[in-house]
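input21.pdb (PDB, C-alpha atoms, pLDDT in the B column)
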```pdb
MODEL        1
ATOM      1  CA  MET A   1     -35.972 -29.920 -31.655  1.00 60.00           C
ATOM      2  CA  LYS A   2     -35.859 -26.330 -32.880  1.00 68.00           C
ATOM      3  CA  LYS A   3     -36.186 -25.129 -29.300  1.00 72.00           C
ATOM      4  CA  ASN A   4     -33.107 -27.135 -28.229  1.00 75.00           C
ATOM      5  CA  MET A   5     -31.176 -25.924 -31.247  1.00 78.00           C
ATOM      6  CA  PHE A   6     -32.027 -22.332 -30.416  1.00 78.00           C
ATOM      7  CA  LYS A   7     -31.000 -22.869 -26.787  1.00 79.00           C
ATOM      8  CA  TYR A   8     -27.630 -24.344 -27.794  1.00 80.00           C
ATOM      9  CA  SER A   9     -26.996 -21.606 -30.317  1.00 85.00           C
ATOM     10  CA  ILE A  10     -27.531 -18.994 -27.579  1.00 86.00           C
ATOM     11  CA  TYR A  11     -25.066 -20.849 -25.334  1.00 86.00           C
ATOM     12  CA  PHE A  12     -22.583 -21.028 -28.177  1.00 86.00           C
ATOM     13  CA  ILE A  13     -22.880 -17.304 -28.890  1.00 87.00           C
ATOM     14  CA  ILE A  14     -22.371 -16.441 -25.220  1.00 89.00           C
ATOM     15  CA  LEU A  15     -19.408 -18.790 -24.930  1.00 88.00           C
ATOM     16  CA  PHE A  16     -17.872 -17.500 -28.149  1.00 85.00           C
ATOM     17  CA  THR A  17     -18.266 -13.888 -26.975  1.00 84.00           C
ATOM     18  CA  LEU A  18     -16.623 -14.649 -23.629  1.00 81.00           C
ATOM     19  CA  VAL A  19     -13.715 -16.406 -25.320  1.00 80.00           C
ATOM     20  CA  CYS A  20     -13.220 -13.490 -27.701  1.00 78.00           C
ATOM     21  CA  ILE A  21     -13.224 -11.046 -24.803  1.00 76.00           C
ATOM     22  CA  CYS A  22     -10.700 -13.111 -22.828  1.00 75.00           C
ATOM     23  CA  ILE A  23      -8.366 -13.598 -25.762  1.00 77.00           C
ATOM     24  CA  ASN A  24      -8.524 -10.020 -26.946  1.00 76.00           C
ATOM     25  CA  THR A  25      -5.363  -8.167 -25.872  1.00 81.00           C
ATOM     26  CA  THR A  26      -7.142  -4.826 -25.675  1.00 81.00           C
ATOM     27  CA  THR A  27      -9.556  -6.205 -23.090  1.00 76.00           C
ATOM     28  CA  ARG A  28      -6.694  -7.659 -21.078  1.00 79.00           C
ATOM     29  CA  ASN A  29      -4.896  -4.315 -21.231  1.00 86.00           C
ATOM     30  CA  ILE A  30      -7.998  -2.510 -20.008  1.00 85.00           C
ATOM     31  CA  VAL A  31      -8.415  -4.907 -17.103  1.00 81.00           C
ATOM     32  CA  SER A  32      -4.745  -4.639 -16.124  1.00 88.00           C
ATOM     33  CA  SER A  33      -4.942  -0.838 -16.394  1.00 93.00           C
ATOM     34  CA  LEU A  34      -7.979  -0.767 -14.125  1.00 92.00           C
ATOM     35  CA  SER A  35      -6.130  -2.928 -11.632  1.00 93.00           C
ATOM     36  CA  LYS A  36      -3.123  -0.600 -11.738  1.00 96.00           C
ATOM     37  CA  ILE A  37      -5.393   2.428 -11.259  1.00 96.00           C
ATOM     38  CA  HIS A  38      -6.877   0.808  -8.162  1.00 96.00           C
ATOM     39  CA  GLU A  39      -3.403   0.106  -6.746  1.00 96.00           C
ATOM     40  CA  LEU A  40      -2.314   3.697  -7.402  1.00 97.00           C
ATOM     41  CA  LYS A  41      -5.427   5.087  -5.718  1.00 97.00           C
ATOM     42  CA  LEU A  42      -4.645   3.027  -2.619  1.00 97.00           C
ATOM     43  CA  GLU A  43      -1.048   4.257  -2.675  1.00 97.00           C
ATOM     44  CA  ILE A  44      -2.222   7.877  -3.016  1.00 97.00           C
ATOM     45  CA  LYS A  45      -4.557   7.415  -0.054  1.00 97.00           C
ATOM     46  CA  LYS A  46      -1.706   6.018   2.066  1.00 97.00           C
ATOM     47  CA  ASP A  47       0.697   8.771   1.002  1.00 97.00           C
ATOM     48  CA  THR A  48      -1.919  11.446   1.696  1.00 97.00           C
ATOM     49  CA  LYS A  49      -2.315  10.108   5.225  1.00 97.00           C
ATOM     50  CA  THR A  50       1.467  10.115   5.732  1.00 96.00           C
ATOM     51  CA  ASN A  51       1.684  13.643   4.342  1.00 97.00           C
ATOM     52  CA  LEU A  52      -0.992  14.804   6.787  1.00 96.00           C
ATOM     53  CA  GLU A  53       0.967  13.306   9.691  1.00 93.00           C
ATOM     54  CA  TYR A  54       4.112  15.143   8.572  1.00 91.00           C
ATOM     55  CA  LYS A  55       2.195  18.415   8.287  1.00 94.00           C
ATOM     56  CA  LYS A  56       0.939  17.981  11.857  1.00 91.00           C
ATOM     57  CA  ARG A  57       4.476  17.302  13.062  1.00 85.00           C
ATOM     58  CA  ILE A  58       5.769  20.414  11.304  1.00 87.00           C
ATOM     59  CA  GLU A  59       2.985  22.507  12.808  1.00 89.00           C
ATOM     60  CA  ASN A  60       3.721  21.072  16.266  1.00 85.00           C
ATOM     61  CA  MET A  61       7.430  21.839  15.907  1.00 83.00           C
ATOM     62  CA  GLN A  62       6.687  25.410  14.845  1.00 86.00           C
ATOM     63  CA  THR A  63       4.387  26.021  17.815  1.00 87.00           C
ATOM     64  CA  LYS A  64       6.377  24.018  20.393  1.00 86.00           C
ATOM     65  CA  PRO A  65      10.144  24.209  19.733  1.00 77.00           C
ATOM     66  CA  SER A  66      10.855  21.664  22.478  1.00 80.00           C
ATOM     67  CA  LEU A  67       9.265  19.003  20.277  1.00 82.00           C
ATOM     68  CA  MET A  68      11.984  19.522  17.663  1.00 80.00           C
ATOM     69  CA  GLU A  69      14.553  18.163  20.096  1.00 79.00           C
ATOM     70  CA  LYS A  70      12.263  15.235  20.925  1.00 81.00           C
ATOM     71  CA  TYR A  71      11.793  14.330  17.238  1.00 80.00           C
ATOM     72  CA  ALA A  72      15.515  14.728  16.532  1.00 78.00           C
ATOM     73  CA  LYS A  73      16.392  12.352  19.362  1.00 78.00           C
ATOM     74  CA  LYS A  74      13.724   9.842  18.429  1.00 80.00           C
ATOM     75  CA  ASP A  75      13.975   9.776  14.635  1.00 81.00           C
ATOM     76  CA  LEU A  76      17.561  10.849  13.954  1.00 79.00           C
ATOM     77  CA  ASN A  77      19.265   9.430  17.063  1.00 78.00           C
ATOM     78  CA  VAL A  78      20.761  12.846  17.856  1.00 79.00           C
ATOM     79  CA  LEU A  79      22.362  13.299  21.283  1.00 80.00           C
ATOM     80  CA  ALA A  80      22.849  16.628  22.995  1.00 77.00           C
ATOM     81  CA  GLU A  81      26.380  17.601  23.984  1.00 80.00           C
ATOM     82  CA  GLY A  82      27.387  15.683  27.089  1.00 81.00           C
ATOM     83  CA  GLU A  83      24.531  13.151  26.834  1.00 80.00           C
ATOM     84  CA  VAL A  84      25.287   9.435  26.980  1.00 80.00           C
ATOM     85  CA  GLU A  85      23.102   6.861  25.298  1.00 78.00           C
ATOM     86  CA  TYR A  86      22.597   3.530  27.017  1.00 78.00           C
ATOM     87  CA  GLN A  87      21.508   0.481  25.048  1.00 78.00           C
ATOM     88  CA  PHE A  88      20.249  -2.704  26.632  1.00 80.00           C
ATOM     89  CA  ASN A  89      20.120  -6.093  24.977  1.00 79.00           C
ATOM     90  CA  ASP A  90      16.826  -7.931  25.110  1.00 73.00           C
ATOM     91  CA  TYR A  91      17.883 -11.544  25.561  1.00 71.00           C
ATOM     92  CA  LYS A  92      14.378 -12.891  24.950  1.00 69.00           C
ATOM     93  CA  LYS A  93      14.346 -11.439  21.450  1.00 60.00           C
ATOM     94  CA  GLU A  94      17.834 -12.786  20.695  1.00 55.00           C
ATOM     95  CA  ASP A  95      16.763 -16.284  21.792  1.00 56.00           C
ATOM     96  CA  GLU A  96      13.681 -16.106  19.542  1.00 59.00           C
ATOM     97  CA  VAL A  97      15.816 -15.098  16.556  1.00 56.00           C
ATOM     98  CA  LYS A  98      18.220 -18.016  17.121  1.00 57.00           C
ATOM     99  CA  GLN A  99      15.385 -20.522  17.095  1.00 56.00           C
TER     100      GLN A  99
ENDMDL
END
```

Show me, as structure tokens, the structure contained in the file I just sent.
Amino acid sequence: MKKNMFKYSIYFIILFTLVCICINTTTRNIVSSLSKIHELKLEIKKDTKTNLEYKKRIENMQTKPSLMEKYAKKDLNVLAEGEVEYQFNDYKKEDEVKQ
């Protein structure tokens, strides 16, 4: 009988400790802060990768000036004087959007 009582008291202590931890606002704040830190680290990693790509583009433009025109046309939709831009409708995509 004492052995069962001891066993149940251990279970009760563990359960009580877990409930106290879950209810405690400080613990919840720590867990949410750790989650936010993880999200920010992922965002930093993504932004670092993007920054590296931009640095490569800048270096390419400085070494090959013809690329500047290519990037301007592609990213900024810039047309040289006398150039005409042609746009074609893709009817398959329009039909998919309607459905």

How many Å lie between atom CA of Met68 of chain A and atom CA of Lys56 of chain A, rounded to one decimal?
12.6 Å

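Atom pair atom CA of Glu85 of chain A / atom CA of Lys73 of chain A has a distance of 10.5 Å (rounded to one decimal).
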
Between atom CA of Ser66 of chain A and atom CA of Ala80 of chain A, distance in Å (one decimal)
13.0 Å
